[in-house]
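Here's upload_24.tsv, which has TSV, C-alpha atoms and all ligand atoms:
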```tsv
chain	number	residue	atom	x	y	z
A	23	MET	CA	6.29	-14.06	-10.48
A	24	ILE	CA	6.00	-13.66	-6.72
A	25	VAL	CA	9.30	-12.39	-5.30
A	26	THR	CA	10.50	-11.30	-1.89
A	27	THR	CA	9.71	-7.80	-0.77
A	28	LYS	CA	13.37	-7.52	0.18
A	29	SER	CA	14.50	-8.06	-3.41
A	30	LEU	CA	12.21	-5.27	-4.65
A	31	PHE	CA	13.57	-2.93	-1.99
A	32	GLU	CA	17.17	-3.77	-2.94
A	33	VAL	CA	16.61	-2.47	-6.46
A	34	ALA	CA	14.43	0.48	-5.53
A	35	TYR	CA	16.12	2.00	-2.46
A	36	GLY	CA	16.97	5.68	-2.87
A	37	ARG	CA	15.97	5.71	-6.56
A	38	PHE	CA	12.25	5.04	-6.78
A	39	ALA	CA	9.38	3.72	-4.68
A	40	ILE	CA	7.35	0.55	-5.11
A	41	GLY	CA	3.58	1.08	-5.21
A	42	ALA	CA	1.78	-1.03	-2.60
A	43	TYR	CA	-1.85	-1.40	-3.62
A	44	ASN	CA	-4.64	-3.01	-1.60
A	45	ILE	CA	-6.93	-5.55	-3.18
A	46	ASN	CA	-10.28	-6.91	-2.09
A	47	ASN	CA	-11.69	-8.56	-5.18
A	48	LEU	CA	-11.18	-9.87	-8.69
A	49	GLU	CA	-11.75	-6.61	-10.55
A	50	GLN	CA	-9.18	-4.72	-8.48
A	51	THR	CA	-6.69	-7.54	-8.99
A	52	MET	CA	-7.17	-7.59	-12.77
A	53	GLY	CA	-6.86	-3.81	-13.03
A	54	LEU	CA	-3.77	-3.81	-10.80
A	55	PHE	CA	-1.91	-6.46	-12.79
A	56	ARG	CA	-2.90	-4.93	-16.13
A	57	GLY	CA	-1.75	-1.45	-15.00
A	58	CYS	CA	1.58	-2.75	-13.68
A	59	VAL	CA	2.30	-4.86	-16.75
A	60	ASP	CA	1.36	-1.98	-19.07
A	61	SER	CA	3.66	0.40	-17.19
A	62	LYS	CA	6.35	-2.29	-16.77
A	63	ALA	CA	6.46	-1.77	-13.03
A	64	PRO	CA	7.18	-4.12	-10.12
A	65	PHE	CA	4.60	-3.78	-7.35
A	66	ILE	CA	3.39	-4.98	-3.98
A	67	ILE	CA	-0.09	-6.40	-3.62
A	68	GLN	CA	-1.46	-5.76	-0.14
A	69	ILE	CA	-4.13	-7.61	1.76
A	70	SER	CA	-5.56	-6.04	4.90
A	71	LYS	CA	-7.26	-7.86	7.74
A	72	GLY	CA	-10.56	-6.48	6.45
A	73	ALA	CA	-9.81	-7.78	2.97
A	74	ARG	CA	-9.02	-11.24	4.35
A	75	SER	CA	-12.44	-11.44	5.95
A	76	TYR	CA	-14.45	-9.61	3.23
A	77	THR	CA	-15.02	-12.81	1.30
A	78	GLU	CA	-12.69	-15.56	2.48
A	79	LYS	CA	-8.93	-15.18	2.66
A	80	ARG	CA	-8.39	-18.23	0.47
A	81	MET	CA	-10.41	-16.59	-2.32
A	82	LEU	CA	-7.96	-13.68	-2.48
A	83	GLU	CA	-4.97	-15.99	-2.43
A	84	ALA	CA	-6.47	-18.05	-5.26
A	85	ILE	CA	-7.18	-14.90	-7.29
A	86	ILE	CA	-3.57	-13.77	-6.85
A	87	LYS	CA	-2.21	-17.19	-7.86
A	88	ALA	CA	-4.43	-17.14	-10.95
A	89	ALA	CA	-3.29	-13.61	-11.81
A	90	GLU	CA	0.32	-14.76	-11.58
A	91	GLU	CA	-0.44	-17.26	-14.35
A	92	VAL	CA	-2.54	-14.88	-16.43
A	93	PHE	CA	0.21	-12.21	-16.30
A	94	PRO	CA	3.47	-14.21	-16.46
A	95	GLU	CA	5.51	-11.03	-16.99
A	96	ALA	CA	4.35	-9.44	-13.70
A	97	ILE	CA	6.84	-9.25	-10.81
A	98	PHE	CA	5.34	-8.59	-7.41
A	99	ALA	CA	5.40	-9.30	-3.70
A	100	VAL	CA	2.42	-10.21	-1.51
A	101	HIS	CA	2.13	-8.30	1.76
A	102	LEU	CA	-0.13	-8.29	4.81
A	103	ASP	CA	-1.21	-4.69	5.46
A	104	HIS	CA	-1.75	-3.51	9.07
A	105	GLY	CA	-1.68	-6.91	10.70
A	106	ASP	CA	-2.09	-7.49	14.40
A	107	GLU	CA	0.28	-10.04	15.95
A	108	LYS	CA	-2.11	-12.95	15.57
A	109	THR	CA	-2.85	-12.24	11.90
A	110	ALA	CA	0.81	-11.58	11.10
A	111	LEU	CA	1.82	-14.93	12.63
A	112	GLU	CA	-0.98	-16.65	10.74
A	113	CYS	CA	0.22	-15.18	7.46
A	114	VAL	CA	3.82	-16.13	8.20
A	115	ALA	CA	2.69	-19.71	8.86
A	116	SER	CA	0.59	-19.81	5.67
A	117	GLY	CA	3.70	-19.49	3.52
A	118	PHE	CA	1.87	-17.35	0.95
A	119	TYR	CA	3.11	-13.92	1.96
A	120	SER	CA	6.40	-12.29	0.94
A	121	SER	CA	6.21	-9.91	3.90
A	122	VAL	CA	3.91	-8.98	6.74
A	123	MET	CA	3.19	-5.78	8.59
A	124	ILE	CA	2.83	-5.93	12.33
A	125	ASP	CA	1.17	-2.70	13.36
A	126	ALA	CA	1.51	-2.38	17.10
A	127	SER	CA	1.95	1.39	16.88
A	128	HIS	CA	-1.04	1.90	19.19
A	129	GLU	CA	0.87	0.11	21.97
A	130	ASP	CA	3.48	1.86	24.09
A	131	TYR	CA	7.09	1.71	22.87
A	132	ALA	CA	8.00	-1.43	24.83
A	133	GLY	CA	4.83	-3.23	23.76
A	134	ASN	CA	5.41	-2.28	20.13
A	135	VAL	CA	9.00	-3.60	20.25
A	136	ALA	CA	7.93	-6.82	21.97
A	137	SER	CA	5.11	-7.64	19.51
A	138	THR	CA	7.25	-6.75	16.51
A	139	LYS	CA	10.14	-8.86	17.79
A	140	ARG	CA	7.93	-11.94	18.18
A	141	VAL	CA	6.70	-11.60	14.59
A	142	VAL	CA	10.25	-10.96	13.31
A	143	GLU	CA	11.52	-14.13	14.97
A	144	ALA	CA	8.85	-16.28	13.33
A	145	ALA	CA	9.04	-14.52	9.95
A	146	HIS	CA	12.82	-14.58	9.56
A	147	LYS	CA	12.90	-18.33	10.08
A	148	LYS	CA	10.89	-18.53	6.85
A	149	GLY	CA	12.67	-15.79	4.92
A	150	ILE	CA	9.71	-13.43	5.23
A	151	SER	CA	10.39	-9.78	5.97
A	152	VAL	CA	8.55	-7.64	8.48
A	153	GLU	CA	7.28	-4.07	8.29
A	154	ALA	CA	6.58	-2.35	11.60
A	155	GLU	CA	5.22	1.08	12.45
A	156	ILE	CA	6.29	3.73	14.87
A	157	GLY	CA	4.57	7.04	15.45
A	158	LYS	CA	0.87	7.56	14.87
A	159	LEU	CA	-0.81	8.38	11.60
A	160	GLY	CA	-4.11	10.24	11.76
A	161	GLY	CA	-7.26	8.62	10.37
A	162	VAL	CA	-8.49	5.05	10.55
A	163	GLU	CA	-6.37	1.92	10.45
A	164	GLU	CA	-8.55	-1.15	10.51
A	165	ASP	CA	-10.53	-0.71	13.72
A	166	ILE	CA	-8.09	1.73	15.28
A	167	LYS	CA	-9.07	5.39	15.08
A	168	VAL	CA	-6.54	8.16	15.69
A	169	ASP	CA	-7.79	11.73	15.57
A	170	GLU	CA	-5.56	14.49	14.22
A	171	GLY	CA	-4.78	15.80	17.70
A	172	ASN	CA	-3.39	12.45	18.80
A	173	ALA	CA	-1.46	11.72	15.64
A	174	CYS	CA	2.24	12.23	16.22
A	175	LEU	CA	5.20	12.25	13.90
A	176	THR	CA	7.86	9.58	14.20
A	177	ASN	CA	10.76	10.57	16.42
A	178	PRO	CA	13.95	9.85	14.41
A	179	ASP	CA	16.02	8.75	17.43
A	180	GLU	CA	13.24	6.47	18.59
A	181	ALA	CA	12.93	5.05	15.05
A	182	LYS	CA	16.60	4.04	15.07
A	183	ARG	CA	16.34	2.46	18.51
A	184	PHE	CA	13.13	0.68	17.49
A	185	VAL	CA	14.72	-0.89	14.41
A	186	GLN	CA	17.75	-2.06	16.40
A	187	GLU	CA	15.63	-3.50	19.20
A	188	SER	CA	12.86	-5.10	17.14
A	189	GLY	CA	14.88	-6.39	14.17
A	190	CYS	CA	12.21	-5.28	11.68
A	191	ASP	CA	13.13	-5.01	7.99
A	192	SER	CA	11.24	-1.86	7.04
A	193	LEU	CA	9.55	0.89	8.96
A	194	ALA	CA	6.30	2.75	8.45
A	195	CYS	CA	6.90	6.29	9.66
A	196	ALA	CA	4.39	8.98	10.50
A	197	ILE	CA	5.53	11.96	8.43
A	198	GLY	CA	2.28	13.88	8.17
A	199	THR	CA	0.03	11.60	6.15
A	200	SER	CA	-3.16	9.95	7.34
A	201	HIS	CA	-5.39	7.21	6.02
A	202	GLY	CA	-8.61	7.70	4.09
A	203	ALA	CA	-10.13	10.52	2.06
A	204	TYR	CA	-9.82	13.23	4.71
A	205	LYS	CA	-6.16	14.09	5.00
A	206	PHE	CA	-4.59	17.53	5.03
A	207	SER	CA	-7.14	20.22	5.84
A	208	GLY	CA	-4.96	23.20	4.94
A	209	SER	CA	-1.54	23.65	3.47
A	210	GLN	CA	0.22	20.93	5.46
A	211	GLY	CA	2.18	18.34	3.54
A	212	LEU	CA	4.87	15.75	3.97
A	213	HIS	CA	7.47	16.41	6.66
A	214	PHE	CA	10.61	15.95	4.59
A	215	ASP	CA	12.66	17.34	7.47
A	216	VAL	CA	11.61	14.42	9.68
A	217	LEU	CA	12.19	11.95	6.85
A	218	ALA	CA	15.70	13.28	6.26
A	219	GLU	CA	16.53	12.89	9.94
A	220	ILE	CA	15.23	9.32	9.95
A	221	GLN	CA	17.28	8.48	6.86
A	222	LYS	CA	20.40	9.97	8.46
A	223	ARG	CA	20.00	7.61	11.41
A	224	LEU	CA	18.89	4.62	9.33
A	225	PRO	CA	20.87	4.83	6.08
A	226	LYS	CA	19.82	2.34	3.39
A	227	PHE	CA	16.93	1.15	5.55
A	228	PRO	CA	13.61	0.97	3.63
A	229	LEU	CA	10.93	3.34	4.93
A	230	VAL	CA	7.24	3.04	4.18
A	231	MET	CA	4.77	5.82	3.58
A	232	HIS	CA	1.21	4.93	4.51
A	233	GLY	CA	-1.76	7.16	3.71
A	234	SER	CA	-0.31	8.13	0.34
A	235	SER	CA	-3.49	8.65	-1.67
A	236	SER	CA	-3.86	12.02	-3.38
A	237	VAL	CA	-7.66	12.30	-3.16
A	238	PRO	CA	-7.83	14.18	-6.49
A	239	ALA	CA	-10.34	17.06	-6.39
A	240	ASP	CA	-11.64	16.27	-9.88
A	241	GLU	CA	-12.35	12.67	-8.89
A	242	VAL	CA	-14.26	13.78	-5.79
A	243	GLU	CA	-16.16	16.34	-7.87
A	244	ARG	CA	-17.20	13.71	-10.44
A	245	ILE	CA	-18.36	11.37	-7.67
A	246	ASN	CA	-20.40	14.12	-6.04
A	247	LYS	CA	-21.91	15.18	-9.39
A	248	ALA	CA	-23.05	11.59	-9.85
A	249	GLY	CA	-24.88	11.54	-6.51
A	250	GLY	CA	-22.02	11.12	-4.05
A	251	ASP	CA	-21.44	13.11	-0.92
A	252	ILE	CA	-17.73	12.96	-0.25
A	253	LYS	CA	-16.20	15.90	1.54
A	254	GLY	CA	-12.72	15.25	0.25
A	255	SER	CA	-9.64	17.19	1.19
A	256	LYS	CA	-6.14	17.55	-0.11
A	257	GLY	CA	-4.14	14.33	-0.15
A	258	VAL	CA	-0.47	13.67	-0.82
A	259	ASP	CA	0.94	15.54	-3.80
A	260	GLU	CA	2.06	12.73	-6.10
A	261	ASN	CA	4.85	14.94	-7.44
A	262	GLN	CA	6.48	14.55	-4.03
A	263	PHE	CA	6.87	10.77	-4.30
A	264	ALA	CA	10.23	11.16	-6.05
A	265	LYS	CA	11.70	13.29	-3.28
A	266	ALA	CA	10.35	10.91	-0.65
A	267	ALA	CA	12.00	8.01	-2.52
A	268	GLU	CA	15.37	9.77	-2.49
A	269	LEU	CA	14.99	10.11	1.27
A	270	GLY	CA	14.49	6.37	1.75
A	271	VAL	CA	10.77	5.83	1.17
A	272	THR	CA	10.80	2.56	-0.73
A	273	LYS	CA	7.15	1.52	-0.39
A	274	VAL	CA	4.18	3.84	-0.91
A	275	ASN	CA	0.75	2.61	0.19
A	276	ILE	CA	-2.23	3.62	-1.91
A	277	ASP	CA	-5.76	2.38	-1.33
A	278	THR	CA	-8.25	5.24	-1.00
A	279	ASP	CA	-7.56	6.66	-4.49
A	280	GLY	CA	-8.44	3.29	-6.00
A	281	ARG	CA	-11.68	3.21	-4.04
A	282	LEU	CA	-12.49	6.64	-5.47
A	283	VAL	CA	-11.94	5.29	-9.00
A	284	TRP	CA	-14.37	2.45	-8.22
A	285	THR	CA	-16.96	4.82	-6.79
A	286	ARG	CA	-16.73	7.28	-9.68
A	287	VAL	CA	-17.04	4.56	-12.33
A	288	HIS	CA	-20.04	2.91	-10.71
A	289	ARG	CA	-21.88	6.10	-9.77
A	290	GLU	CA	-21.48	7.59	-13.26
A	291	PHE	CA	-22.40	4.31	-14.93
A	292	PHE	CA	-25.68	3.89	-13.10
A	293	ARG	CA	-26.52	7.60	-13.28
A	294	ASP	CA	-26.07	7.57	-17.07
A	295	GLN	CA	-27.59	4.15	-17.70
A	296	PRO	CA	-30.29	3.64	-15.09
A	297	ALA	CA	-31.86	0.72	-16.95
A	298	LYS	CA	-28.69	-1.41	-16.80
A	299	PHE	CA	-28.17	-4.11	-14.19
A	300	ASP	CA	-25.40	-6.37	-15.50
A	301	LEU	CA	-22.55	-6.04	-13.01
A	302	ARG	CA	-20.06	-6.89	-15.73
A	303	ASP	CA	-20.76	-3.66	-17.64
A	304	PRO	CA	-19.42	-1.26	-15.00
A	305	GLY	CA	-16.94	-3.96	-13.92
A	306	LYS	CA	-15.24	-3.85	-17.32
A	307	ILE	CA	-15.03	-0.07	-17.23
A	308	PHE	CA	-13.62	-0.19	-13.72
A	309	MET	CA	-10.87	-2.68	-14.59
A	310	ALA	CA	-9.74	-0.50	-17.52
A	311	GLU	CA	-9.90	2.72	-15.48
A	312	TYR	CA	-8.10	1.12	-12.53
A	313	ALA	CA	-5.33	-0.13	-14.82
A	314	LYS	CA	-4.89	3.42	-16.18
A	315	PHE	CA	-4.82	4.82	-12.64
A	316	ILE	CA	-2.21	2.28	-11.51
A	317	ALA	CA	0.02	2.93	-14.52
A	318	HIS	CA	-0.14	6.66	-13.79
A	319	LYS	CA	0.78	6.16	-10.12
A	320	ASN	CA	3.70	3.95	-11.12
A	321	GLU	CA	4.99	6.75	-13.38
A	322	LYS	CA	4.87	9.14	-10.43
A	323	LEU	CA	6.57	6.64	-8.11
A	324	GLY	CA	9.34	6.08	-10.62
A	325	SER	CA	8.69	2.31	-10.67
A	326	ALA	CA	7.34	2.38	-14.24
A	327	GLY	CA	9.81	0.89	-16.69
A	328	LYS	CA	11.85	-0.88	-14.00
A	329	LEU	CA	10.53	-4.40	-14.60
A	330	ASP	CA	13.51	-5.67	-16.63
A	331	GLU	CA	16.00	-4.35	-14.10
A	332	VAL	CA	14.10	-6.03	-11.28
A	333	ARG	CA	13.84	-9.27	-13.27
A	334	ALA	CA	17.60	-9.28	-13.81
A	335	HIS	CA	18.16	-8.70	-10.09
A	336	VAL	CA	15.82	-11.42	-8.86
A	337	THR	CA	16.91	-14.03	-11.36
A	338	LYS	CA	20.68	-13.56	-10.86
A	339	LYS	CA	20.31	-14.71	-7.25
A	401	LIG	O1	-4.80	1.44	5.78
A	401	LIG	C1	-5.77	0.75	5.54
A	401	LIG	C2	-6.01	0.31	4.15
A	401	LIG	O2	-6.53	1.34	3.36
A	401	LIG	C3	-6.90	-0.90	4.16
A	401	LIG	O3	-8.20	-0.54	4.49
A	401	LIG	O4	-8.68	-1.99	6.45
A	401	LIG	O5	-10.52	-0.98	5.10
A	401	LIG	O6	-9.13	-2.84	4.16
A	401	LIG	P1	-9.20	-1.68	5.10
A	402	LIG	P1	-4.65	5.73	1.75
A	402	LIG	O1	-5.88	5.69	2.61
A	402	LIG	O2	-4.09	7.13	1.68
A	402	LIG	O3	-4.86	5.18	0.41
A	402	LIG	O4	-3.53	4.85	2.48
A	402	LIG	C1	-3.55	3.45	2.33
A	402	LIG	C2	-2.65	2.76	3.29
A	402	LIG	O5	-1.83	3.34	3.96
A	402	LIG	C3	-2.77	1.30	3.37
A	402	LIG	O6	-1.95	0.77	4.37
A	403	ZN	ZN	-1.74	2.08	6.04
```
Could you quickly redo this structure as structure tokens?
Amino acid sequence: MIVTTKSLFEVAYGRFAIGAYNINNLEQTMGLFRGCVDSKAPFIIQISKGARSYTEKRMLEAIIKAAEEVFPEAIFAVHLDHGDEKTALECVASGFYSSVMIDASHEDYAGNVASTKRVVEAAHKKGISVEAEIGKLGGVEEDIKVDEGNACLTNPDEAKRFVQESGCDSLACAIGTSHGAYKFSGSQGLHFDVLAEIQKRLPKFPLVMHGSSSVPADEVERINKAGGDIKGSKGVDENQFAKAAELGVTKVNIDTDGRLVWTRVHREFFRDQPAKFDLRDPGKIFMAEYAKFIAHKNEKLGSAGKLDEVRAHVTKK
């Protein structure tokens, strides 16, 4: 059942975080639904601009609609990840999305507020909620590259003003994470101090943590042993998700770790079985491994086991 992102946040806020997982194809979608149903977790399925153009955006929408029928017990929201204004407005108009992200964080403050406000006005007319971003995460977001030196943490006072002025419904904050497989080089980690200050100024307001993959060392090692060449570096410690959730992080974005699962499965498969060429053979292994990975992440996020509670909340309305 597709529900509003808002309704998921209402149940989760301050207690647990909802996993927001990116999809690009059928196998990822199957693994995602299987993992969430097995762990009895609500979730957010995210589509990036790149994912929309990888095959054809209607293909992804059709896959999601089919998955909704195949897994009638699943409860989830559909979200545009890192949209620009044009894409966000397109998704609002399409009527398929539960929420959209307008990422104008590369613009100056006034430009970010203005773009976000325009999307909010269109989205709210249709009951769609809007995630915006303030501060700069390191790494790569779509075609926007931010090096570590230019990444800057969200200013809590600015965050409050931004929410008031833009009318957004949730806020992606820069609290030390970055996108991709190359995150913390040393002993840095999440800036809980900044998060606590943001929560103080924006009580009960859902915050979003991007760049939340863990980049597990053993996964990177297996990929490299099977012919890969991934540098890897420490990612987000998944044992910190619970503390982040208490401090208002209600949505946790994870994409890179899933890509690592895909890479490991396929590299090991073809290394060990060089004569094989049926794409369905590694595909089946990937779907099962991805489901296991998702269920594990949901345990760490605290969303596992919350499906009945969420169902009761969304159906009482
Ligand atoms: O933050 C970006 C997400 O991982 C999506 O990546 O733009 O390559 O689809 P993508
Ligand atoms: P990761 O690259 O850490 O998986 O972050 C994904 C993300 O933030 C998607 O918006
Ligand atoms: Zn992101």
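Computed from the coordinates, the CA of Thr51 (chain A) to atom C2 of ligand LIG 401 (chain A) distance equals 15.3 Å.
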Study note, to complete from the structure: Atom pair CA of Ser120 (chain A) + CA of Asp259 (chain A), distance 28.8 Å
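The interatomic distance for the pair CA of Arg244 (chain A) and CA of Phe291 (chain A) works out to 11.6 Å.
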Practice item. Check which residues fall inside 7 Å of ligand LIG 402 (chain A) when counting only C-alpha atoms and all ligand atoms, and print them as an MDAnalysis selection string. Key: chainID A and resid 44 103:104 200:203 232:235 275:279
Exercise for review: Return as number ranges by chain every polymer residue, whether protein, DNA or RNA, with at least one atom no more than 12 Å from an atom of ligand LIG 401 (chain A); count all atoms listed in the file.
Suggested key: A: 42-47, 67-77, 101-106, 123, 125, 159-167, 194, 199-203, 231-235, 274-282
Check your understanding: Quick one: residues within 8 Å of Lys314 (chain A), all atoms listed in the file counted, chain neighbours fewer than 4 positions away excluded, as a count of residues only?
Key -> 3
Using all atoms listed in the file, I'd like a table of the residues in region 122-162 of chain A that come within 12 Å of region 92-99 of chain A; for each, show the closest atom pair and its distance in Å rounded to one decimal, ordered by chain and ascending number, as CSV.
```
residue,atom,partner,partner_atom,distance
A:Val122,CA,A:Ala99,CA,10.6
A:Ile150,CA,A:Ala99,CA,10.7
A:Ser151,CA,A:Ala99,CA,10.9
```
**Study point:** Residue contacts of Ala267 (chain A) (7 Å, all atoms listed in the file) excluding same-chain residues fewer than 5 positions away, as JSON, numbers by chain
**Key:** {"A": [36, 37, 38, 39, 272]}
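If all atoms listed in the file are the atoms counted, then among A:Gln50, A:Ser116, A:Asn246, A:Asn261 the closest residue to Ala313 (chain A) is A:Gln50.
Minimum distance to ligand ZN 403 (chain A) across A:Ala154, A:Ile85, A:Ala266, A:Leu175 (counting all atoms listed in the file) occurs at A:Ala154.
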Please output region 60-78 of chain A, rebuilt to include N, CA, C and O atoms, as a PDB file, in the frame of the given file.
```
ATOM      1  N   ASP A  60       1.330  -3.035 -18.047  1.00  0.00           N
ATOM      2  CA  ASP A  60       1.360  -1.980 -19.070  1.00  0.00           C
ATOM      3  C   ASP A  60       2.453  -0.950 -18.788  1.00  0.00           C
ATOM      4  O   ASP A  60       3.087  -0.443 -19.703  1.00  0.00           O
ATOM      5  N   SER A  61       2.644  -0.624 -17.517  1.00  0.00           N
ATOM      6  CA  SER A  61       3.660   0.400 -17.190  1.00  0.00           C
ATOM      7  C   SER A  61       5.014  -0.231 -16.863  1.00  0.00           C
ATOM      8  O   SER A  61       5.941   0.457 -16.443  1.00  0.00           O
ATOM      9  N   LYS A  62       5.088  -1.552 -17.025  1.00  0.00           N
ATOM     10  CA  LYS A  62       6.350  -2.290 -16.770  1.00  0.00           C
ATOM     11  C   LYS A  62       6.911  -1.995 -15.386  1.00  0.00           C
ATOM     12  O   LYS A  62       8.091  -1.649 -15.214  1.00  0.00           O
ATOM     13  N   ALA A  63       6.048  -2.111 -14.391  1.00  0.00           N
ATOM     14  CA  ALA A  63       6.460  -1.770 -13.030  1.00  0.00           C
ATOM     15  C   ALA A  63       6.342  -2.968 -12.088  1.00  0.00           C
ATOM     16  O   ALA A  63       5.346  -3.696 -12.121  1.00  0.00           O
ATOM     17  N   PRO A  64       7.332  -3.160 -11.221  1.00  0.00           N
ATOM     18  CA  PRO A  64       7.180  -4.120 -10.120  1.00  0.00           C
ATOM     19  C   PRO A  64       6.206  -3.513  -9.114  1.00  0.00           C
ATOM     20  O   PRO A  64       6.047  -2.278  -9.075  1.00  0.00           O
ATOM     21  N   PHE A  65       5.573  -4.332  -8.298  1.00  0.00           N
ATOM     22  CA  PHE A  65       4.600  -3.780  -7.350  1.00  0.00           C
ATOM     23  C   PHE A  65       4.424  -4.708  -6.153  1.00  0.00           C
ATOM     24  O   PHE A  65       4.901  -5.846  -6.144  1.00  0.00           O
ATOM     25  N   ILE A  66       3.729  -4.174  -5.154  1.00  0.00           N
ATOM     26  CA  ILE A  66       3.390  -4.980  -3.980  1.00  0.00           C
ATOM     27  C   ILE A  66       1.873  -5.034  -3.900  1.00  0.00           C
ATOM     28  O   ILE A  66       1.196  -4.006  -3.988  1.00  0.00           O
ATOM     29  N   ILE A  67       1.348  -6.232  -3.752  1.00  0.00           N
ATOM     30  CA  ILE A  67      -0.090  -6.400  -3.620  1.00  0.00           C
ATOM     31  C   ILE A  67      -0.359  -6.567  -2.127  1.00  0.00           C
ATOM     32  O   ILE A  67       0.279  -7.374  -1.463  1.00  0.00           O
ATOM     33  N   GLN A  68      -1.243  -5.746  -1.588  1.00  0.00           N
ATOM     34  CA  GLN A  68      -1.460  -5.760  -0.140  1.00  0.00           C
ATOM     35  C   GLN A  68      -2.838  -6.293   0.209  1.00  0.00           C
ATOM     36  O   GLN A  68      -3.821  -5.966  -0.429  1.00  0.00           O
ATOM     37  N   ILE A  69      -2.862  -7.078   1.261  1.00  0.00           N
ATOM     38  CA  ILE A  69      -4.130  -7.610   1.760  1.00  0.00           C
ATOM     39  C   ILE A  69      -4.262  -7.167   3.212  1.00  0.00           C
ATOM     40  O   ILE A  69      -3.378  -7.424   4.029  1.00  0.00           O
ATOM     41  N   SER A  70      -5.342  -6.484   3.514  1.00  0.00           N
ATOM     42  CA  SER A  70      -5.560  -6.040   4.900  1.00  0.00           C
ATOM     43  C   SER A  70      -6.358  -7.104   5.644  1.00  0.00           C
ATOM     44  O   SER A  70      -6.891  -8.035   5.037  1.00  0.00           O
ATOM     45  N   LYS A  71      -6.456  -6.925   6.947  1.00  0.00           N
ATOM     46  CA  LYS A  71      -7.260  -7.860   7.740  1.00  0.00           C
ATOM     47  C   LYS A  71      -8.707  -7.843   7.252  1.00  0.00           C
ATOM     48  O   LYS A  71      -9.360  -8.871   7.123  1.00  0.00           O
ATOM     49  N   GLY A  72      -9.184  -6.634   6.954  1.00  0.00           N
ATOM     50  CA  GLY A  72     -10.560  -6.480   6.450  1.00  0.00           C
ATOM     51  C   GLY A  72     -10.739  -7.195   5.122  1.00  0.00           C
ATOM     52  O   GLY A  72     -11.781  -7.803   4.863  1.00  0.00           O
ATOM     53  N   ALA A  73      -9.722  -7.119   4.278  1.00  0.00           N
ATOM     54  CA  ALA A  73      -9.810  -7.780   2.970  1.00  0.00           C
ATOM     55  C   ALA A  73      -9.833  -9.293   3.131  1.00  0.00           C
ATOM     56  O   ALA A  73     -10.538 -10.001   2.415  1.00  0.00           O
ATOM     57  N   ARG A  74      -9.056  -9.788   4.107  1.00  0.00           N
ATOM     58  CA  ARG A  74      -9.020 -11.240   4.350  1.00  0.00           C
ATOM     59  C   ARG A  74     -10.378 -11.777   4.775  1.00  0.00           C
ATOM     60  O   ARG A  74     -10.727 -12.911   4.495  1.00  0.00           O
ATOM     61  N   SER A  75     -11.150 -10.935   5.477  1.00  0.00           N
ATOM     62  CA  SER A  75     -12.440 -11.440   5.950  1.00  0.00           C
ATOM     63  C   SER A  75     -13.616 -10.975   5.080  1.00  0.00           C
ATOM     64  O   SER A  75     -14.746 -11.386   5.301  1.00  0.00           O
ATOM     65  N   TYR A  76     -13.345 -10.125   4.074  1.00  0.00           N
ATOM     66  CA  TYR A  76     -14.450  -9.610   3.230  1.00  0.00           C
ATOM     67  C   TYR A  76     -15.168 -10.756   2.513  1.00  0.00           C
ATOM     68  O   TYR A  76     -16.386 -10.871   2.559  1.00  0.00           O
ATOM     69  N   THR A  77     -14.398 -11.604   1.846  1.00  0.00           N
ATOM     70  CA  THR A  77     -15.020 -12.810   1.300  1.00  0.00           C
ATOM     71  C   THR A  77     -14.485 -13.985   2.135  1.00  0.00           C
ATOM     72  O   THR A  77     -15.052 -14.352   3.143  1.00  0.00           O
ATOM     73  N   GLU A  78     -13.348 -14.461   1.777  1.00  0.00           N
ATOM     74  CA  GLU A  78     -12.690 -15.560   2.480  1.00  0.00           C
ATOM     75  C   GLU A  78     -11.240 -15.443   2.050  1.00  0.00           C
ATOM     76  O   GLU A  78     -10.967 -15.309   0.860  1.00  0.00           O
TER      77      GLU A  78
END
```
